[in-house]
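A.B. asks: First, the structure itself, so that you have it in front of you.
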Amino acid sequence: MLHKRLKWTSAAVPLTLSAALLAACGGNSNNGGASASASASASTPAAGSPAASGASAGASAADTAAKPDTSKKVQLNWYVLGDAHADTPKVMDEWNKMLEKDLNATVKLNFTSWNDWQSKYNLLLASGEKIDMVFASSWANYYKYAKQGAFMDLTGLLPTYAPQTWKEVPQEDWDTATVGGKIYAVPNTNPEYTPNGLVYREDWREELNLPEIKDLDSLEAYMDGVKKNKKGVTPIGGKAWNEVYTLFTDYYDFKVYGGEGSVIASSSYDNPRDIVEYPFTPQFEEFVKRMKTWADKGFWASNTLSQQTEAGDLIKAGTGAIYWRNAPGAGGFITDVSKTNPDYKLAYFPFTRFHNYAIPTLPMANAMAIPKSSQNPERSLMVLDKLRNDPTYFRLMTYGIEGTHYSLEADGKTMDTPPAGMTVSKDWKPYDITSWGWRYQPNMLQTKGGWDGMDALNKEFAAESKPNIFDPITMDYEPVKSQVAAVNQVFKQYGQPLMMGLVPDPEKALETYRSKLKAAGVDKILDYVKEQANAYFDEKGIK
Amino acid sequence: MKMEKSTIAFNAIGYVFLSILSILCLVPFLVIITGSLSSETDIIASGFQLIPKHFSLDAYRAMFTNPAQIYQAYKVSILVTVAGTAVGLFLTSMAGYVLSRKEFKYRNGLAFYIYFTTLFSGGLIPWYILIVNYLDMKDTYTSLVVPGLLSAWNIILMKNFMKSIPDSIVESAKIDGAGDFRIYFRLILPLSTPGLATIGLFMALGYWNDWFTANLFITTDSKVPLQFLLYKILASASVLKTSIAGNLSPNFQPPTETLKMAAAVVVTGPIILLYPFLQRYFVKGLTIGAVKG
Amino acid sequence: MIGFFREVARNRVLFLMIAPALLFFALFSYIPMVGVYYAFTNYSFDGGLFGSPFVGFDNFKFLVSSGELVTLTRNTILYNIVFILLSNFLQLVCAIFLAELPGRWFKKTSQSVMFLPFFISFVLVGAFVLNLFSSQNGLVPSLMAQLGLPHYDFYMHTAPWKYIIVFFHVWKGLGYGTVIYLAAIMGFSEEYYEAAKIDGANIFQRVRSITIPMLVPTFILLILLSLGGILKGQFDLFYQIVGQNGSLFNSTDIIDTYVYRSLAVNFDIGMGTAAGLYQSLFGMLLVLCVNYIIRKTREDYALF
């Protein structure tokens, strides 16, 4: 009875607009640590930079061949994910003032907001709306969109209009942005590690004399101890899916292709060519049986799959004991809890310790691209070049206005938030927009007062680092898209309850799951992935 | 006049029936109000309560950190609702009137033409392309009002309400020499107040509750209507369910449970007063009396 | 053709009055309908709507390949039939009581109160359901424990969810639908009732023999209007209450939630449009049949 016209209109793409849960592969994070080596700045442009003399008012005829023409004033329409900060208009005013002087352009920065960002992103590209620059990412279907022709080919434009970026981004990073021999995006430059792991209550572990967490057994002992001794505590409160799923893939070292709904994986880092359907492995059987015992012990609630509450919120409320985070996210969470619950002691167990290696995040996980509909790709690239390489532009756009949103420490690379002389109040919020796409490590600032365990972790990861050989495999799944859709749905209907131990009989449920997967055409996807991945491994000489 | 036994029984059943339903509708709302006034920890630890354990205004404080934005959003919502309802009601009632006229030869065909749009649609993408690329309405107030002006559902309901007005009224007016528009404006409209009130209410509610259009078309903060403002806050939590969550900076604050409830209270705000206001048009005999008088 | 122009000339004013509505639907509904062609193409940004390669019915495959389409369609239709009938019945009863009962204050209050659920978003409804039925500290299991009933975990059984979903659907639209019936009753001539009173009919008889028969056309109209959308809609209701809880899908899965799960990770314009087209065509077929039957029996009540 609540029909609205809009409901009808949107009927043919009914769900994407309610799309909330959109699994994506890969992961990246906030400030990974920066070592500033400032290059050009707004006031003293680097010599030889084509953008150097800004507006071409004084450019001589001879120069115009080398210097892009900026005589026409343009307004660029940019889109990034997420929401604006209340002060974004102010920041953009400042930014545009500089930009107008230097490049005779202004930028209108638009945000998709976090709700339904994926469907809006899709709509922006599919509608051919005039957009000059947009966030792009391997986890936002970059490879699929690039293959379908949503983005503009930048290969020929980059050396002329973004020369500094073109020079400084390493070739292997450009490779990850290359589809069919053409570059469609400018990847960010911020090497970092974002492995999965669990935050837990170290104070409880010590109090209850439980073993240190280093494997599945000690993890079980910890949860068991907490469950038995802490009344009213559910070890993984709220929705426990992320915790359990990442535990599964990382404990057995399965390298899953194509994000969460997929069941195709290399059996381990060392055997990239051994590509399997993991639900058919003995490891999976062992795991789901174990999870059944965990669920029966009450490590999570029987309605965990319907829950919306974050396990982390329950830690803060005192009724939870475990929370899935990637390493930088864990750092942020621990810092946050140290403010809200100073009496708690939290620790972090990264899953890299199961197999003692870490993989750096793919550069293409965060990038900026130019949609095909853009009217001003040249100017957009020039602006991007400036944004990335000029610390004044970079910091204003990324961290806000100095003195209002942060203040710089004496070393020039650490920032205080809130700025010196201000206190955290309800009116002051840290300046924070999704600046991931143009990250450039030398220009990034480190936040003061972060979690002190972070540096040690990063050292640990760097010491055991292995090359990222999986994420650059660019598959778009076009030839098997109906099978992928069917498997996604079987995964949610049968796979998730099974992996969460929420079935009466895991053996029978496993059998059902396997037969439904076969019916959904999982073998076809396997063949496709094998073909694509092996071709890549051949090309790269990976055994 | 003495009340008949059957009337007493009827009234008793009616009061009990309506009371039960009212309570079922009221209690959850009370729980929401209570929840919005509770402390976040209580909600997470022990669920919803009818009486707050620890009274707290945190949720409202969080919501009104930027009061100017909320007031602006209220303004946009009210403007859009008033403009959309006024124009929409006028067009809907005209269309409904024409379709209800029995001597109008193509009324069945045109009714189907209108109804068909509810059965079949080209989907969101072409509709979006039309509005953004051809009508150039992106980021305008027009985009909030125009695409929702008419609905087949409302036109057909309107036609149905007007059908119950006796034909004799139209015929006698025609004999008096009144034109079609005059009949509609002077005779039919005053006689259709319950229908107009109903459709007007639906339109107003539709505009008020509509976050979807703004979600698609509005990119400037000062043009965001109230529902979308709050929807953005509420739905931002969904991003935490994805692995993008790992990307988010520690500064990203998902909405708290109490904030969600405070949002429901703020959104309901003035629109809930619209109904009691319209109620005087839902009085029996009003229309007939008007004709006779 | 000539007849048409003569008609236009004769009823010029009437045509002018309906023209804005006709233009509106032409622009915002009929023109975008070309988009259904997406369902038959493999979308590419270079080609756009008409330049992308034609792939026939390939995009429909994912609906059929799981073999669940029949179950899903049946689920969707059954849920909607229950929604439509139960909602309309309760709304009708409420409207009759509201029209006949004395006591302005009571009626005003209860009517306003019944509108409250309309403003509660499904996100919050989902939170309510969790709080009511959670095995940990949910209200219903706690109550059952206090009454000495055996422990029952709602999230491990599929049976109760049908009723829970139906309840919240009816609950949310109660006030909204009641108004339509109430407005219809208000349009009825008082004379009928006066005459019945003189004949000595009591209130039950008056309701049964005057109000209800006169509401039948409205009732049928509302049912017909609802039928067109019988295969779509209510995504939020199911999604927020059941969520991603695969263990409950057996009795709570509808086409919308299924398509959502299928395409959430790897959205495809062609497949999304294909699903919508299936829903539209099925709904249209249903409406045309029902309308045909009604037209044969009681022409006045038919929609077109």
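We label chains A, B, ... in the order they appear in the structure tokens, count residues from 1 in each chain, and number ligands from 1 in the order shown.
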Please list as a tab-separated table (two decimals) with all heavy atoms, in the first residue's frame every residue within 12 Å of Tyr239 of chain C, counting only C-alpha atoms and excluding residues in the same chain fewer than 5 positions away.
C.D. replies:
chain	number	residue	atom	x	y	z
A	15	LEU	N	17.18	-3.52	-7.02
A	15	LEU	CA	17.84	-3.75	-5.77
A	15	LEU	C	19.09	-2.99	-5.60
A	15	LEU	O	19.51	-2.67	-4.52
A	15	LEU	CB	18.14	-5.21	-5.71
A	15	LEU	CG	16.81	-5.80	-6.11
A	15	LEU	CD1	16.96	-7.19	-6.52
A	15	LEU	CD2	15.84	-5.63	-5.00
A	18	SER	N	18.92	-0.27	-3.28
A	18	SER	CA	18.90	-0.51	-1.85
A	18	SER	C	20.21	-1.16	-1.48
A	18	SER	O	20.44	-1.54	-0.36
A	18	SER	CB	17.76	-1.41	-1.49
A	18	SER	OG	16.68	-1.16	-2.32
A	19	ALA	N	21.03	-1.29	-2.45
A	19	ALA	CA	22.27	-2.02	-2.22
A	19	ALA	C	23.01	-1.45	-1.06
A	19	ALA	O	23.35	-0.29	-1.03
A	19	ALA	CB	23.12	-1.94	-3.46
A	20	ALA	N	23.23	-2.25	-0.13
A	20	ALA	CA	23.97	-1.81	1.02
A	20	ALA	C	25.19	-2.67	1.13
A	20	ALA	O	26.32	-2.20	1.16
A	20	ALA	CB	23.13	-1.94	2.26
A	21	LEU	N	24.97	-3.96	1.08
A	21	LEU	CA	26.09	-4.83	1.29
A	21	LEU	C	26.73	-5.16	-0.03
A	21	LEU	O	26.15	-5.84	-0.85
A	21	LEU	CB	25.63	-6.10	1.97
A	21	LEU	CG	26.81	-6.86	2.54
A	21	LEU	CD1	26.38	-7.58	3.78
A	21	LEU	CD2	27.36	-7.82	1.54
A	305	LEU	N	23.78	-13.56	11.69
A	305	LEU	CA	23.70	-13.17	10.27
A	305	LEU	C	22.65	-12.09	10.02
A	305	LEU	O	22.66	-11.43	9.00
A	305	LEU	CB	23.41	-14.40	9.41
A	305	LEU	CG	24.61	-15.33	9.18
A	305	LEU	CD1	24.16	-16.62	8.52
A	305	LEU	CD2	25.68	-14.66	8.36
A	306	SER	N	21.72	-11.92	10.95
A	306	SER	CA	20.74	-10.85	10.81
A	306	SER	C	21.19	-9.58	11.51
A	306	SER	O	20.59	-8.53	11.36
A	306	SER	CB	19.39	-11.26	11.41
A	306	SER	OG	18.86	-12.35	10.72
A	307	GLN	N	22.23	-9.70	12.32
A	307	GLN	CA	22.67	-8.56	13.12
A	307	GLN	C	23.27	-7.46	12.27
A	307	GLN	O	23.91	-7.74	11.25
A	307	GLN	CB	23.74	-9.02	14.11
A	307	GLN	CG	23.20	-9.89	15.21
A	307	GLN	CD	22.92	-9.09	16.46
A	307	GLN	OE1	22.78	-7.88	16.42
A	307	GLN	NE2	22.82	-9.79	17.58
A	308	GLN	N	23.11	-6.24	12.70
A	308	GLN	CA	23.74	-5.12	12.02
A	308	GLN	C	24.83	-4.50	12.90
A	308	GLN	O	25.64	-3.73	12.43
A	308	GLN	CB	22.70	-4.03	11.70
A	308	GLN	CG	21.48	-4.52	10.99
A	308	GLN	CD	21.74	-4.74	9.53
A	308	GLN	OE1	22.51	-4.05	8.91
A	308	GLN	NE2	21.10	-5.75	8.95
C	122	PHE	N	12.47	1.09	7.65
C	122	PHE	CA	12.64	-0.35	7.79
C	122	PHE	C	13.95	-0.69	8.51
C	122	PHE	O	14.07	-1.76	9.09
C	122	PHE	CB	12.57	-1.03	6.43
C	122	PHE	CG	11.17	-1.32	6.00
C	122	PHE	CD1	10.61	-0.72	4.90
C	122	PHE	CD2	10.38	-2.21	6.74
C	122	PHE	CE1	9.31	-0.99	4.52
C	122	PHE	CE2	9.08	-2.48	6.37
C	122	PHE	CZ	8.53	-1.87	5.26
C	123	VAL	N	14.91	0.23	8.43
C	123	VAL	CA	16.13	0.00	9.19
C	123	VAL	C	15.79	-0.19	10.67
C	123	VAL	O	16.27	-1.11	11.33
C	123	VAL	CB	17.09	1.20	9.04
C	123	VAL	CG1	18.35	0.99	9.84
C	123	VAL	CG2	17.43	1.41	7.58
C	125	VAL	N	12.75	-0.91	11.85
C	125	VAL	CA	11.91	-2.10	12.01
C	125	VAL	C	12.80	-3.32	12.19
C	125	VAL	O	12.56	-4.16	13.07
C	125	VAL	CB	10.98	-2.28	10.79
C	125	VAL	CG1	10.25	-3.60	10.87
C	125	VAL	CG2	9.98	-1.14	10.72
C	126	GLY	N	13.87	-3.39	11.38
C	126	GLY	CA	14.80	-4.49	11.51
C	126	GLY	C	15.40	-4.56	12.91
C	126	GLY	O	15.50	-5.64	13.50
C	127	ALA	N	15.75	-3.41	13.44
C	127	ALA	CA	16.31	-3.37	14.79
C	127	ALA	C	15.29	-3.84	15.82
C	127	ALA	O	15.62	-4.56	16.77
C	127	ALA	CB	16.79	-1.97	15.12
C	165	ILE	N	6.92	-11.25	9.14
C	165	ILE	CA	7.01	-10.35	7.99
C	165	ILE	C	5.64	-9.81	7.63
C	165	ILE	O	5.47	-8.61	7.41
C	165	ILE	CB	7.66	-11.09	6.80
C	165	ILE	CG1	9.16	-11.22	7.06
C	165	ILE	CG2	7.42	-10.35	5.50
C	165	ILE	CD1	9.87	-12.11	6.08
C	233	GLY	N	8.84	-5.06	-5.29
C	233	GLY	CA	8.57	-4.25	-4.12
C	233	GLY	C	8.83	-4.97	-2.82
C	233	GLY	O	9.17	-6.15	-2.79
C	234	GLN	N	8.68	-4.25	-1.76
C	234	GLN	CA	8.89	-4.77	-0.41
C	234	GLN	C	10.30	-5.31	-0.17
C	234	GLN	O	10.51	-6.10	0.72
C	234	GLN	CB	7.86	-5.86	-0.06
C	234	GLN	CG	6.54	-5.31	0.40
C	234	GLN	CD	5.58	-5.16	-0.76
C	234	GLN	OE1	5.46	-6.05	-1.58
C	234	GLN	NE2	4.91	-4.04	-0.82
C	244	GLN	N	20.92	-10.90	5.74
C	244	GLN	CA	21.71	-11.86	4.97
C	244	GLN	C	21.65	-13.24	5.63
C	244	GLN	O	22.57	-14.02	5.51
C	244	GLN	CB	23.16	-11.38	4.93
C	244	GLN	CG	23.33	-10.05	4.26
C	244	GLN	CD	23.21	-10.18	2.76
C	244	GLN	OE1	23.73	-11.07	2.14
C	244	GLN	NE2	22.47	-9.27	2.15
C	245	ASN	N	20.57	-13.49	6.34
C	245	ASN	CA	20.52	-14.71	7.12
C	245	ASN	C	20.06	-15.89	6.29
C	245	ASN	O	18.89	-16.23	6.25
C	245	ASN	CB	19.59	-14.50	8.32
C	245	ASN	CG	19.87	-15.50	9.40
C	245	ASN	OD1	20.41	-16.57	9.13
C	245	ASN	ND2	19.51	-15.17	10.62
C	246	GLY	N	21.01	-16.54	5.63
C	246	GLY	CA	20.70	-17.63	4.72
C	246	GLY	C	19.85	-18.73	5.33
C	246	GLY	O	19.06	-19.38	4.64
C	248	LEU	N	17.30	-18.52	6.98
C	248	LEU	CA	15.87	-18.25	6.97
C	248	LEU	C	15.31	-18.11	5.56
C	248	LEU	O	14.12	-17.91	5.37
C	248	LEU	CB	15.57	-16.96	7.74
C	248	LEU	CG	16.07	-16.90	9.19
C	248	LEU	CD1	15.69	-15.59	9.82
C	248	LEU	CD2	15.49	-18.04	10.00
C	249	PHE	N	16.19	-18.23	4.56
C	249	PHE	CA	15.74	-17.95	3.19
C	249	PHE	C	14.63	-18.86	2.70
C	249	PHE	O	13.81	-18.46	1.89
C	249	PHE	CB	16.90	-18.03	2.20
C	249	PHE	CG	17.85	-16.87	2.31
C	249	PHE	CD1	19.09	-16.90	1.71
C	249	PHE	CD2	17.49	-15.73	3.01
C	249	PHE	CE1	19.96	-15.84	1.81
C	249	PHE	CE2	18.35	-14.65	3.12
C	249	PHE	CZ	19.60	-14.72	2.52
C	252	THR	N	11.57	-17.12	3.34
C	252	THR	CA	11.50	-15.66	3.28
C	252	THR	C	12.14	-15.08	2.03
C	252	THR	O	12.41	-13.90	1.98
C	252	THR	CB	12.21	-15.02	4.48
C	252	THR	OG1	13.58	-15.42	4.44
C	252	THR	CG2	11.59	-15.44	5.77
C	253	ASP	N	12.41	-15.92	1.06
C	253	ASP	CA	13.10	-15.40	-0.11
C	253	ASP	C	12.10	-14.98	-1.19
C	253	ASP	O	11.21	-15.74	-1.54
C	253	ASP	CB	14.05	-16.45	-0.66
C	253	ASP	CG	15.29	-15.81	-1.26
C	253	ASP	OD1	15.45	-14.60	-1.07
C	253	ASP	OD2	16.07	-16.51	-1.90
C	254	ILE	N	12.26	-13.76	-1.69
C	254	ILE	CA	11.42	-13.32	-2.80
C	254	ILE	C	12.34	-12.95	-3.97
C	254	ILE	O	13.55	-12.94	-3.81
C	254	ILE	CB	10.52	-12.12	-2.41
C	254	ILE	CG1	11.36	-10.97	-1.88
C	254	ILE	CG2	9.48	-12.56	-1.40
C	254	ILE	CD1	10.59	-9.69	-1.70
C	255	ILE	N	11.75	-12.64	-5.10
C	255	ILE	CA	12.57	-12.39	-6.28
C	255	ILE	C	13.54	-11.25	-6.06
C	255	ILE	O	14.72	-11.34	-6.38
C	255	ILE	CB	11.68	-12.10	-7.51
C	255	ILE	CG1	10.83	-13.33	-7.81
C	255	ILE	CG2	12.52	-11.74	-8.72
C	255	ILE	CD1	9.86	-13.15	-8.94
C	256	ASP	N	13.05	-10.17	-5.46
C	256	ASP	CA	13.91	-9.01	-5.25
C	256	ASP	C	15.14	-9.34	-4.41
C	256	ASP	O	16.24	-8.92	-4.73
C	256	ASP	CB	13.11	-7.90	-4.55
C	256	ASP	CG	12.32	-7.09	-5.55
C	256	ASP	OD1	12.48	-7.32	-6.75
C	256	ASP	OD2	11.53	-6.23	-5.12
C	257	THR	N	14.95	-10.06	-3.32
C	257	THR	CA	16.09	-10.36	-2.46
C	257	THR	C	17.05	-11.31	-3.17
C	257	THR	O	18.25	-11.21	-3.04
C	257	THR	CB	15.64	-10.97	-1.12
C	257	THR	OG1	14.71	-12.01	-1.38
C	257	THR	CG2	15.01	-9.93	-0.23
C	258	TYR	N	16.48	-12.21	-3.94
C	258	TYR	CA	17.31	-13.16	-4.69
C	258	TYR	C	18.18	-12.42	-5.71
C	258	TYR	O	19.39	-12.64	-5.79
C	258	TYR	CB	16.41	-14.18	-5.39
C	258	TYR	CG	17.14	-15.11	-6.31
C	258	TYR	CD1	17.67	-16.30	-5.81
C	258	TYR	CD2	17.30	-14.83	-7.65
C	258	TYR	CE1	18.35	-17.17	-6.63
C	258	TYR	CE2	17.97	-15.69	-8.49
C	258	TYR	CZ	18.50	-16.86	-7.99
C	258	TYR	OH	19.18	-17.71	-8.82
C	259	VAL	N	17.55	-11.56	-6.48
C	259	VAL	CA	18.29	-10.82	-7.50
C	259	VAL	C	19.35	-9.95	-6.83
C	259	VAL	O	20.48	-9.82	-7.30
C	259	VAL	CB	17.34	-9.96	-8.35
C	259	VAL	CG1	18.11	-9.11	-9.33
C	259	VAL	CG2	16.37	-10.84	-9.09
C	260	TYR	N	18.98	-9.36	-5.74
C	260	TYR	CA	19.93	-8.52	-5.02
C	260	TYR	C	21.18	-9.31	-4.63
C	260	TYR	O	22.29	-8.87	-4.87
C	260	TYR	CB	19.27	-7.95	-3.77
C	260	TYR	CG	20.24	-7.27	-2.86
C	260	TYR	CD1	20.89	-6.11	-3.25
C	260	TYR	CD2	20.55	-7.81	-1.61
C	260	TYR	CE1	21.81	-5.50	-2.43
C	260	TYR	CE2	21.46	-7.20	-0.79
C	260	TYR	CZ	22.10	-6.06	-1.20
C	260	TYR	OH	23.01	-5.47	-0.38
C	261	ARG	N	20.95	-10.48	-4.06
C	261	ARG	CA	22.10	-11.29	-3.64
C	261	ARG	C	22.95	-11.69	-4.83
C	261	ARG	O	24.17	-11.73	-4.77
C	261	ARG	CB	21.62	-12.55	-2.92
C	261	ARG	CG	21.27	-12.35	-1.48
C	261	ARG	CD	21.29	-13.67	-0.74
C	261	ARG	NE	20.52	-14.69	-1.40
C	261	ARG	CZ	19.20	-14.79	-1.35
C	261	ARG	NH1	18.52	-13.91	-0.65
C	261	ARG	NH2	18.58	-15.75	-1.96
A.B. asks: Using only C-alpha atoms, determine which residues lie at most 10 Å from segment 42-59 of chain B, disregarding the query and same-chain residues fewer than 4 positions distant; provide the list as an MDAnalysis selection string.
C.D. replies: (chainID A and resid 232:233 238 309 313:314 316:320) or (chainID B and resid 27:28 30:38 63:64 255:263) or (chainID C and resid 127:128 130:132 134 136:139)
A.B. asks: If you run DSSP on the backbone, which residues of segment 324-437 of chain A are strand (DSSP E), as a PDB file with C-alpha atoms, in the first residue's frame?
C.D. replies:
ATOM      1  CA  TRP A 324      37.847  -8.110  12.904  1.00  0.00           C
ATOM      2  CA  ARG A 325      39.976  -5.262  11.510  1.00  0.00           C
ATOM      3  CA  ASN A 326      42.755  -4.915   9.028  1.00  0.00           C
ATOM      4  CA  LEU A 346      43.361  -4.250  23.704  1.00  0.00           C
ATOM      5  CA  ALA A 347      45.759  -6.221  21.561  1.00  0.00           C
ATOM      6  CA  TYR A 348      45.855  -7.280  17.938  1.00  0.00           C
ATOM      7  CA  PHE A 349      46.523 -10.601  16.296  1.00  0.00           C
ATOM      8  CA  PRO A 350      47.263 -10.226  12.568  1.00  0.00           C
ATOM      9  CA  ALA A 367      43.121   5.500  -7.962  1.00  0.00           C
ATOM     10  CA  MET A 368      41.599   8.312  -9.964  1.00  0.00           C
ATOM     11  CA  ALA A 369      40.164   7.831 -13.432  1.00  0.00           C
ATOM     12  CA  SER A 407      48.547  21.996  12.939  1.00  0.00           C
ATOM     13  CA  LEU A 408      51.946  20.908  11.760  1.00  0.00           C
ATOM     14  CA  THR A 414      53.442  15.048  11.719  1.00  0.00           C
ATOM     15  CA  MET A 415      50.118  16.715  12.318  1.00  0.00           C
ATOM     16  CA  ASP A 416      48.232  17.487  15.483  1.00  0.00           C
TER      17      ASP A 416
END
A.B. asks: Could you check how far atom CA of Asn110 of chain A sits from atom CA of Gly82 of chain A, in Å to one decimal?
C.D. replies: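 That distance, rounded to one decimal, is 9.4 Å.
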A.B. asks: Tell me the residues of chain C close to chain B, meaning within 7 Å using only C-alpha atoms, as a VMD selection string.
C.D. replies: chain C and resid 13 to 14 17 to 18 21 25 28 to 29 32 to 36 94 97 101 108 110 112 to 114 116 to 117 119 to 120 131 137 179 to 180 183 to 184 186 to 187 189 to 190 202 to 203 228 to 229 273 280 283 to 284 304
A.B. asks: So that I can check the surroundings of Leu208 of chain A, please list as a list in words every protein, DNA and RNA residue that reaches within 10 Å of it, counting only C-alpha atoms and ignoring chain neighbours fewer than 5 positions away.
C.D. replies: Glu202, Asp203, Tyr222, Gly225, Val226, Asn229 and Lys230 of chain A
A.B. asks: Which residues are near Met152 of chain A? Cut-off 10 Å, only C-alpha atoms, ignore same chain within fewer than 2 positions. Put them as a list in words.
C.D. replies: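 After dropping sequence-adjacent residues, the list is Asp132, Ala146, Gly149, Ala150, Leu154, Thr155, Leu157, Lys182, Ile183, Tyr184, Ala185, Ala369, Ile370, Pro371, Lys372, Ser373, Ser374 and Pro377 of chain A.
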A.B. asks: For the helix (DSSP H, G or I) assignment from backbone DSSP, which residues of segment 232-455 of chain A qualify? Please present them as a PyMOL selection string.
C.D. replies: chain A and resi 241-251+278-280+282-296+311-317+327-340+352-355+363-365+377-389+391-399+436-438+441-443+453-455
A.B. asks: Using only C-alpha atoms, which residue out of C:Ile293, C:Leu303, C:Ala19, C:Ile230 lies closest to chain A?
C.D. replies: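 Of the candidates, the smallest distance to chain A is held by C:Ile230.
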A.B. asks: Counting only C-alpha atoms, figure out which residue out of A:Pro187, A:Gly259, A:Pro497, A:Pro211 gets nearest to chain B.
C.D. replies: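 Among the listed residues, the smallest separation from chain B belongs to A:Gly259.
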A.B. asks: Kindly indicate which residue among A:Met364, A:Met133, A:Val522, A:Ile433 lies nearest to chain B, using only C-alpha atoms for the distances.
C.D. replies: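 Among the listed residues, A:Ile433 lies closest to chain B.
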A.B. asks: Could you give me, as a PyMOL selection string, the residues within 9 Å of Thr213 of chain B, counting only C-alpha atoms and dropping anything in the same chain fewer than 4 positions from it?
C.D. replies: (chain A and resi 6) or (chain B and resi 143-144+147-148+217-218+228)
A.B. asks: Could you write out the selected residues, including all heavy atoms, as a tab-separated table (two decimals), in the first residue's frame?
C.D. replies:
chain	number	residue	atom	x	y	z
A	6	LEU	N	8.24	6.44	-7.60
A	6	LEU	CA	9.65	6.19	-7.77
A	6	LEU	C	9.98	4.72	-7.62
A	6	LEU	O	10.87	4.20	-8.25
A	6	LEU	CB	10.42	7.00	-6.74
A	6	LEU	CG	10.47	8.47	-7.14
A	6	LEU	CD1	10.93	9.31	-6.01
A	6	LEU	CD2	11.35	8.63	-8.35
B	143	SER	N	14.38	18.93	-9.75
B	143	SER	CA	14.52	17.48	-9.80
B	143	SER	C	13.85	16.83	-8.59
B	143	SER	O	13.49	15.66	-8.63
B	143	SER	CB	16.00	17.08	-9.85
B	143	SER	OG	16.61	17.33	-8.60
B	144	LEU	N	13.71	17.57	-7.52
B	144	LEU	CA	13.05	17.01	-6.34
B	144	LEU	C	11.54	17.04	-6.48
B	144	LEU	O	10.83	16.27	-5.85
B	144	LEU	CB	13.46	17.79	-5.08
B	144	LEU	CG	14.91	17.70	-4.65
B	144	LEU	CD1	15.16	18.57	-3.43
B	144	LEU	CD2	15.28	16.26	-4.34
B	147	PRO	N	9.79	15.14	-11.10
B	147	PRO	CA	9.62	13.72	-11.44
B	147	PRO	C	8.60	13.00	-10.55
B	147	PRO	O	8.12	11.94	-10.92
B	147	PRO	CB	11.02	13.14	-11.21
B	147	PRO	CG	11.93	14.29	-11.31
B	147	PRO	CD	11.17	15.46	-10.77
B	148	GLY	N	8.25	13.57	-9.42
B	148	GLY	CA	7.30	12.91	-8.54
B	148	GLY	C	5.91	13.53	-8.56
B	148	GLY	O	5.06	13.19	-7.75
B	217	PHE	N	19.98	12.89	-7.34
B	217	PHE	CA	20.19	14.13	-8.09
B	217	PHE	C	20.90	15.24	-7.33
B	217	PHE	O	21.47	16.12	-7.95
B	217	PHE	CB	18.86	14.65	-8.63
B	217	PHE	CG	18.17	13.68	-9.55
B	217	PHE	CD1	16.88	13.27	-9.31
B	217	PHE	CD2	18.84	13.17	-10.65
B	217	PHE	CE1	16.26	12.36	-10.16
B	217	PHE	CE2	18.23	12.26	-11.49
B	217	PHE	CZ	16.93	11.86	-11.24
B	218	ILE	N	20.80	15.26	-6.04
B	218	ILE	CA	21.32	16.43	-5.31
B	218	ILE	C	22.77	16.22	-4.89
B	218	ILE	O	23.10	15.21	-4.27
B	218	ILE	CB	20.44	16.71	-4.07
B	218	ILE	CG1	19.02	17.04	-4.50
B	218	ILE	CG2	21.02	17.84	-3.24
B	218	ILE	CD1	18.89	18.26	-5.38
B	228	PHE	N	16.75	12.87	3.28
B	228	PHE	CA	18.00	12.39	2.70
B	228	PHE	C	19.17	12.68	3.64
B	228	PHE	O	20.08	11.87	3.78
B	228	PHE	CB	18.24	13.03	1.33
B	228	PHE	CG	19.49	12.55	0.66
B	228	PHE	CD1	19.75	11.20	0.58
B	228	PHE	CD2	20.40	13.43	0.13
B	228	PHE	CE1	20.91	10.72	-0.03
B	228	PHE	CE2	21.56	12.97	-0.48
B	228	PHE	CZ	21.81	11.61	-0.56
A.B. asks: Measuring between only C-alpha atoms, which one of A:Ala535, A:Met382, A:Ala140, A:Ile525 shows the shortest distance to chain B?
C.D. replies: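 Result for the nearest residue to chain B: A:Ala140.
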A.B. asks: To one decimal place in Å, what is the distance between atom CA of Lys292 of chain A and atom CA of Thr234 of chain A?
C.D. replies: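 According to the coordinates, atom CA of Lys292 of chain A and atom CA of Thr234 of chain A are separated by 15.8 Å.
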A.B. asks: With distances taken over only C-alpha atoms, which of A:Gln171, A:Ser262, A:Ser267, A:Asn242 is nearest to chain B?
C.D. replies: A:Asn242
A.B. asks: Please compute the atom CA of Lys386 of chain A-atom CA of Tyr193 of chain A distance, one decimal, in Å.
C.D. replies: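 A separation of 26.5 Å between them.
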